[in-house]
Number of protein chains: 2
Amino acid sequence: MRHPPQIAELIDRLAGLPGLGRKSATRLALHILKKPEDEVLALARALRAVKEEIRFCSVCHDYTDSDPCARCRDPRRDHRSVCVVESPADLMVVEASGLYRGLYHVLGGVLNPLLGIGPDDLNIDTLMKRLDPPETEGEAVRELILATGSSPEAEATCSHILDKLKGRPLQITRLARGLPLGMDLEYVDASTLKRALEDRRPAR
Amino acid sequence: MRHPPQIAELIDRLAGLPGLGRKSATRLALHILKKPEDEVLALARALRAVKEEIRFCSVCHDYTDSDPCARCRDPRRDHRSVCVVESPADLMVVEASGLYRGLYHVLGGVLNPLLGIGPDDLNIDTLMKRLDPPETEGEAVRELILATGSSPEAEATCSHILDKLKGRPLQITRLARGLPLGMDLEYVDASTLKRALEDRRPAR
């Protein structure tokens with residue numbers, strides 16, 4: 001005897017979410033059945049709303065409900081600085097640190113020839129346009145922070161962007177590479193150790 | 001800078017589900033944003049459907065989209081046997097075992113004086129009515145299996161039901177208590193060991 005089709009459908013749909021196997025999807029479905037109706041309908045509405053109302057900002061390519069997004073329009077942020085990240089999730093991580101008050105540019109991935117992801121698949125053209133001197137009002141971008149990860153694909157993406165930026169009067173920086181804090185030396189992989197040695201800093 | 005309100009609302013709603021903290025709710029929301037629109041809308045519809053179309057069966061009190069539920073109406077099942085469980089989740093466990101082909105009765109909880117849950121809060125009255133001899137057609141219930149858990153509250157609930165069943169010509173059984181399979185004796189708690197000793201069986 002199977003569940004009523006509505007419950008089976010909910011379990012199937014929940015099992016399609018990441019990190020949820022059939023067993024936890026079933027448990028979650030039973031929990032949802034016990035939840036007050038208004039809470040469940042609110043979740044259903046929230047799911048619908050993100051799909052129907054959330055788009056990409058045409059400037060920074062982060063998720064937004066208005067274009068340009070509220071961040072790109074915020075006069076309190078430093079419009080002379082752009083932080084380049086791979087994804088909206090990475091943007092959130094930098095933003096949550098509270099250490100950066102400039103703007104962002106979401107690449108939407110990294111170069112990956114094996115997966116057929118080339119420069120045209122990333123938001124690189126719009127980055128170059130943002131870095132052009134403004135035609136009318138607005139301040140020119142002076143600083144670019146390449147805040148990508150440290151995978152080989154991310155490194156290749158950075159190299160590609162750096163190539164395209166040659167000759168532009170920009171201060172370009174990248175996130176430091178080295179030992180993560182709290183790490184014992186004996187557990188560090190050889191590539192990280194090599195980079196930490198090469199980039200060693202005066203100890204004062 | 002906060003997320004667009006639609007994303008913040010989705011994260012809030014997801015964080016209200018069991019086993020999801022704010023961090024995993026945020027990760028899940030970002031995953032949902034990347035998913036194809038039709039899949040997300042299907043999940044939203046499935047959530048709405050379980051709340052709007054699923055009710056409790058008036059006979060067995062399991063979730064159903066028709067009343068009585070398909071299981072209670074199924075002539076291929078043994079209508080002379082009723083398995084009493086605490087919850088629809090427990091019903092699913094017994095049903096998934098494939099070892100039982102009778103009907104069920106969901107109590108909807110166990111007696112718990114501390115939480116103010118008394119006999120009137122459980123589906124005990126309807127159980128008694130089911131056990132009355134049928135007035136017109138249909139077979140009388142002959143066997144009752146008390147398949148509750150082994151918490152003190154579940155034991156008290158079983159005692160209460162057994163009291164009410166006194167004098168009825170029914171075969172009443174309970175799930176065996178003892179060592180779970182694959183358990184080393186040194187890890188068994190004292191109460192389980194006591195019960196396993198008391199209920200010891202001929203080794204043949």
# chains A, B, ... in the order shown; residues from 1 in each chain; ligands from 1
call {"tool": "interface_residues", "arguments": {"of": "chain A", "to": "chain B", "cutoff": "7 Å", "atoms": "only C-alpha atoms", "output": "number ranges by chain"}}
result
A: 1, 4, 6-7, 9-10, 13, 30, 33, 37, 40-41, 43-51, 64-65, 71, 89
call {"tool": "select_by_dssp", "arguments": {"residues": "chain A", "states": "alpha helix (DSSP H)", "output": "ChimeraX atom specification"}}
result
/A:5-15,22-34,37-53,88-97,125-131,152-164,190-198
call {"tool": "select_by_dssp", "arguments": {"residues": "chain B", "states": "strand (DSSP E)", "output": "list in words"}}
result
Arg55, Phe56, Tyr63, Thr64, Asp78, His79, Arg80, Ser81, Val82, Cys83, Val84, Val85, Gly102, Leu103, Tyr104, His105, Val106, Glu143, Leu144, Ile145, Leu146, Gln171, Ile172, Thr173 and Arg174 of chain B
call {"tool": "residues_around", "arguments": {"residues": "region 174-181 of chain A", "least_positions_apart": "3", "cutoff": "9 Å", "atoms": "only C-alpha atoms", "output": "PyMOL selection string"}}
result
chain A and resi 144-150+158+184-185+188+192-197+199-200
call {"tool": "write_last_selection", "arguments": {"atoms": "C-alpha atoms", "output": "short mmCIF file (atom, residue, chain, number, x, y, z; two decimals), in the first residue's frame"}}
result
data_model
loop_
_atom_site.label_atom_id
_atom_site.label_comp_id
_atom_site.auth_asym_id
_atom_site.auth_seq_id
_atom_site.Cartn_x
_atom_site.Cartn_y
_atom_site.Cartn_z
CA LEU A 144 39.49 45.28 -8.18
CA ILE A 145 39.69 42.44 -5.67
CA LEU A 146 39.80 38.96 -7.20
CA ALA A 147 38.10 36.98 -4.45
CA THR A 148 37.86 33.64 -6.21
CA GLY A 149 38.67 30.28 -4.68
CA SER A 150 42.06 28.59 -5.04
CA CYS A 158 41.97 34.94 -12.59
CA ASP A 184 48.96 22.41 12.39
CA LEU A 185 51.86 22.41 9.96
CA VAL A 188 49.12 21.15 5.53
CA THR A 192 49.60 25.24 0.36
CA LEU A 193 52.91 25.03 2.23
CA LYS A 194 54.80 25.99 -0.93
CA ARG A 195 52.57 29.02 -1.39
CA ALA A 196 52.83 29.97 2.30
CA LEU A 197 56.63 29.83 2.04
CA ASP A 199 54.47 34.48 0.14
CA ARG A 200 56.10 34.67 3.57
#
call {"tool": "residues_around", "arguments": {"residues": "Leu111 (chain A)", "least_positions_apart": "4", "cutoff": "7 Å", "atoms": "only C-alpha atoms", "output": "mmCIF file with N, CA and C atoms, in the first residue's frame"}}
result
data_model
loop_
_atom_site.group_PDB
_atom_site.id
_atom_site.type_symbol
_atom_site.label_atom_id
_atom_site.label_comp_id
_atom_site.auth_asym_id
_atom_site.auth_seq_id
_atom_site.Cartn_x
_atom_site.Cartn_y
_atom_site.Cartn_z
ATOM 1 N N ILE A 117 33.080 25.148 -20.206
ATOM 2 C CA ILE A 117 32.770 26.494 -19.723
ATOM 3 C C ILE A 117 33.907 27.430 -20.124
ATOM 4 N N GLY A 118 33.641 28.279 -21.113
ATOM 5 C CA GLY A 118 34.641 29.225 -21.588
ATOM 6 C C GLY A 118 34.349 30.634 -21.102
ATOM 7 N N PRO A 119 35.189 31.609 -21.487
ATOM 8 C CA PRO A 119 35.019 32.999 -21.028
ATOM 9 C C PRO A 119 33.635 33.563 -21.365
ATOM 10 N N GLU A 153 40.986 25.768 -11.595
ATOM 11 C CA GLU A 153 40.074 26.455 -12.507
ATOM 12 C C GLU A 153 39.924 27.918 -12.117
ATOM 13 N N ALA A 156 43.017 29.780 -13.149
ATOM 14 C CA ALA A 156 43.026 30.033 -14.591
ATOM 15 C C ALA A 156 42.082 31.178 -14.941
ATOM 16 N N THR A 157 40.940 31.236 -14.249
ATOM 17 C CA THR A 157 39.981 32.309 -14.488
ATOM 18 C C THR A 157 40.597 33.655 -14.129
#
call {"tool": "closest_residue", "arguments": {"among": "B:Ser58, B:Thr136, B:Asn123, B:Ser159", "to": "Val106 (chain B)", "atoms": "only C-alpha atoms"}}
result
B:Asn123
call {"tool": "residues_around", "arguments": {"residues": "Leu127 (chain B)", "least_positions_apart": "6", "cutoff": "12 Å", "atoms": "only C-alpha atoms", "output": "PDB file with N, CA, C and O atoms, in the first residue's frame"}}
result
ATOM      1  N   SER B  58     -11.140   8.548   8.713  1.00  0.00           N
ATOM      2  CA  SER B  58     -12.012   8.513   9.896  1.00  0.00           C
ATOM      3  C   SER B  58     -12.033   7.124  10.533  1.00  0.00           C
ATOM      4  O   SER B  58     -12.514   6.965  11.649  1.00  0.00           O
ATOM      5  N   VAL B  59     -11.500   6.128   9.829  1.00  0.00           N
ATOM      6  CA  VAL B  59     -11.459   4.779  10.392  1.00  0.00           C
ATOM      7  C   VAL B  59     -10.132   4.528  11.094  1.00  0.00           C
ATOM      8  O   VAL B  59     -10.084   4.253  12.286  1.00  0.00           O
ATOM      9  N   CYS B  60      -9.008   4.678  10.353  1.00  0.00           N
ATOM     10  CA  CYS B  60      -7.706   4.305  10.922  1.00  0.00           C
ATOM     11  C   CYS B  60      -6.888   5.519  11.357  1.00  0.00           C
ATOM     12  O   CYS B  60      -5.853   5.385  11.986  1.00  0.00           O
ATOM     13  N   HIS B  61      -7.307   6.728  10.971  1.00  0.00           N
ATOM     14  CA  HIS B  61      -6.621   7.968  11.347  1.00  0.00           C
ATOM     15  C   HIS B  61      -5.247   8.135  10.713  1.00  0.00           C
ATOM     16  O   HIS B  61      -4.446   8.943  11.185  1.00  0.00           O
ATOM     17  N   VAL B  82      -6.082  -5.762  13.297  1.00  0.00           N
ATOM     18  CA  VAL B  82      -5.802  -4.327  13.410  1.00  0.00           C
ATOM     19  C   VAL B  82      -4.502  -4.134  14.190  1.00  0.00           C
ATOM     20  O   VAL B  82      -4.342  -4.681  15.283  1.00  0.00           O
ATOM     21  N   CYS B  83      -3.595  -3.382  13.608  1.00  0.00           N
ATOM     22  CA  CYS B  83      -2.303  -3.102  14.230  1.00  0.00           C
ATOM     23  C   CYS B  83      -2.336  -1.668  14.764  1.00  0.00           C
ATOM     24  O   CYS B  83      -2.505  -0.718  13.998  1.00  0.00           O
ATOM     25  N   VAL B  84      -2.194  -1.508  16.071  1.00  0.00           N
ATOM     26  CA  VAL B  84      -2.290  -0.189  16.698  1.00  0.00           C
ATOM     27  C   VAL B  84      -0.903   0.451  16.761  1.00  0.00           C
ATOM     28  O   VAL B  84       0.028  -0.132  17.330  1.00  0.00           O
ATOM     29  N   VAL B  85      -0.755   1.607  16.147  1.00  0.00           N
ATOM     30  CA  VAL B  85       0.538   2.312  16.157  1.00  0.00           C
ATOM     31  C   VAL B  85       0.348   3.723  16.710  1.00  0.00           C
ATOM     32  O   VAL B  85      -0.769   4.237  16.767  1.00  0.00           O
ATOM     33  N   LEU B 103      -5.093  -4.322   8.814  1.00  0.00           N
ATOM     34  CA  LEU B 103      -5.375  -2.890   8.858  1.00  0.00           C
ATOM     35  C   LEU B 103      -4.626  -2.251  10.036  1.00  0.00           C
ATOM     36  O   LEU B 103      -3.982  -2.955  10.815  1.00  0.00           O
ATOM     37  N   TYR B 104      -4.747  -0.944  10.122  1.00  0.00           N
ATOM     38  CA  TYR B 104      -4.035  -0.213  11.176  1.00  0.00           C
ATOM     39  C   TYR B 104      -4.999   0.656  11.967  1.00  0.00           C
ATOM     40  O   TYR B 104      -6.128   0.930  11.531  1.00  0.00           O
ATOM     41  N   HIS B 105      -4.516   1.112  13.112  1.00  0.00           N
ATOM     42  CA  HIS B 105      -5.213   2.163  13.844  1.00  0.00           C
ATOM     43  C   HIS B 105      -4.164   3.099  14.450  1.00  0.00           C
ATOM     44  O   HIS B 105      -3.336   2.664  15.264  1.00  0.00           O
ATOM     45  N   VAL B 106      -4.188   4.350  14.019  1.00  0.00           N
ATOM     46  CA  VAL B 106      -3.189   5.313  14.490  1.00  0.00           C
ATOM     47  C   VAL B 106      -3.732   6.032  15.728  1.00  0.00           C
ATOM     48  O   VAL B 106      -4.782   6.685  15.667  1.00  0.00           O
ATOM     49  N   LEU B 107      -3.019   5.899  16.848  1.00  0.00           N
ATOM     50  CA  LEU B 107      -3.481   6.522  18.094  1.00  0.00           C
ATOM     51  C   LEU B 107      -3.308   8.037  18.070  1.00  0.00           C
ATOM     52  O   LEU B 107      -4.053   8.769  18.711  1.00  0.00           O
ATOM     53  N   GLY B 108      -2.310   8.499  17.336  1.00  0.00           N
ATOM     54  CA  GLY B 108      -2.042   9.943  17.317  1.00  0.00           C
ATOM     55  C   GLY B 108      -1.260  10.398  18.531  1.00  0.00           C
ATOM     56  O   GLY B 108      -1.342  11.562  18.917  1.00  0.00           O
ATOM     57  N   PRO B 119      -6.472  10.181  27.665  1.00  0.00           N
ATOM     58  CA  PRO B 119      -7.111   9.232  26.726  1.00  0.00           C
ATOM     59  C   PRO B 119      -7.991   9.924  25.692  1.00  0.00           C
ATOM     60  O   PRO B 119      -8.074   9.472  24.553  1.00  0.00           O
ATOM     61  N   ASP B 120      -8.627  11.047  26.081  1.00  0.00           N
ATOM     62  CA  ASP B 120      -9.527  11.718  25.139  1.00  0.00           C
ATOM     63  C   ASP B 120      -8.770  12.403  24.003  1.00  0.00           C
ATOM     64  O   ASP B 120      -9.368  12.774  22.990  1.00  0.00           O
ATOM     65  N   VAL B 141     -13.311  -7.772  13.926  1.00  0.00           N
ATOM     66  CA  VAL B 141     -11.866  -7.809  14.195  1.00  0.00           C
ATOM     67  C   VAL B 141     -11.596  -8.907  15.209  1.00  0.00           C
ATOM     68  O   VAL B 141     -12.265  -9.009  16.228  1.00  0.00           O
ATOM     69  N   LEU B 144      -5.698  -8.027  17.601  1.00  0.00           N
ATOM     70  CA  LEU B 144      -5.205  -6.670  17.803  1.00  0.00           C
ATOM     71  C   LEU B 144      -3.724  -6.763  18.135  1.00  0.00           C
ATOM     72  O   LEU B 144      -3.328  -7.510  19.047  1.00  0.00           O
ATOM     73  N   LEU B 146      -0.613  -4.587  19.409  1.00  0.00           N
ATOM     74  CA  LEU B 146      -0.222  -3.300  19.982  1.00  0.00           C
ATOM     75  C   LEU B 146       1.230  -3.030  19.591  1.00  0.00           C
ATOM     76  O   LEU B 146       2.158  -3.525  20.233  1.00  0.00           O
ATOM     77  N   ILE B 161      -5.275   0.755  27.201  1.00  0.00           N
ATOM     78  CA  ILE B 161      -6.077   0.104  26.154  1.00  0.00           C
ATOM     79  C   ILE B 161      -6.445  -1.320  26.571  1.00  0.00           C
ATOM     80  O   ILE B 161      -7.596  -1.756  26.403  1.00  0.00           O
ATOM     81  N   LEU B 162      -5.486  -2.023  27.171  1.00  0.00           N
ATOM     82  CA  LEU B 162      -5.757  -3.395  27.616  1.00  0.00           C
ATOM     83  C   LEU B 162      -6.867  -3.404  28.649  1.00  0.00           C
ATOM     84  O   LEU B 162      -7.750  -4.286  28.627  1.00  0.00           O
ATOM     85  N   LYS B 164      -9.341  -1.307  28.875  1.00  0.00           N
ATOM     86  CA  LYS B 164     -10.626  -1.074  28.215  1.00  0.00           C
ATOM     87  C   LYS B 164     -11.093  -2.269  27.391  1.00  0.00           C
ATOM     88  O   LYS B 164     -12.269  -2.345  27.020  1.00  0.00           O
ATOM     89  N   LEU B 165     -10.155  -3.165  27.066  1.00  0.00           N
ATOM     90  CA  LEU B 165     -10.494  -4.299  26.202  1.00  0.00           C
ATOM     91  C   LEU B 165     -10.893  -5.533  26.996  1.00  0.00           C
ATOM     92  O   LEU B 165     -11.222  -6.567  26.405  1.00  0.00           O
TER      93      LEU B 165
END
call {"tool": "atom_distance", "arguments": {"atom1": "CA of Glu143 (chain B)", "atom2": "CA of Asn112 (chain B)"}}
result
26.2 Å
call {"tool": "closest_residue", "arguments": {"among": "A:Val110, A:Leu170, A:Met183, A:Cys72", "to": "Met128 (chain A)", "atoms": "only C-alpha atoms"}}
result
A:Leu170
call {"tool": "atom_distance", "arguments": {"atom1": "CA of His160 (chain A)", "atom2": "CA of Asp121 (chain A)"}}
result
13.2 Å
call {"tool": "closest_residue", "arguments": {"among": "B:Glu86, B:Pro169, B:Gly138, B:Ala190", "to": "Ala154 (chain B)", "atoms": "only C-alpha atoms"}}
result
B:Glu86
call {"tool": "atom_distance", "arguments": {"atom1": "CA of Glu198 (chain B)", "atom2": "CA of Gly182 (chain B)"}}
result
19.9 Å
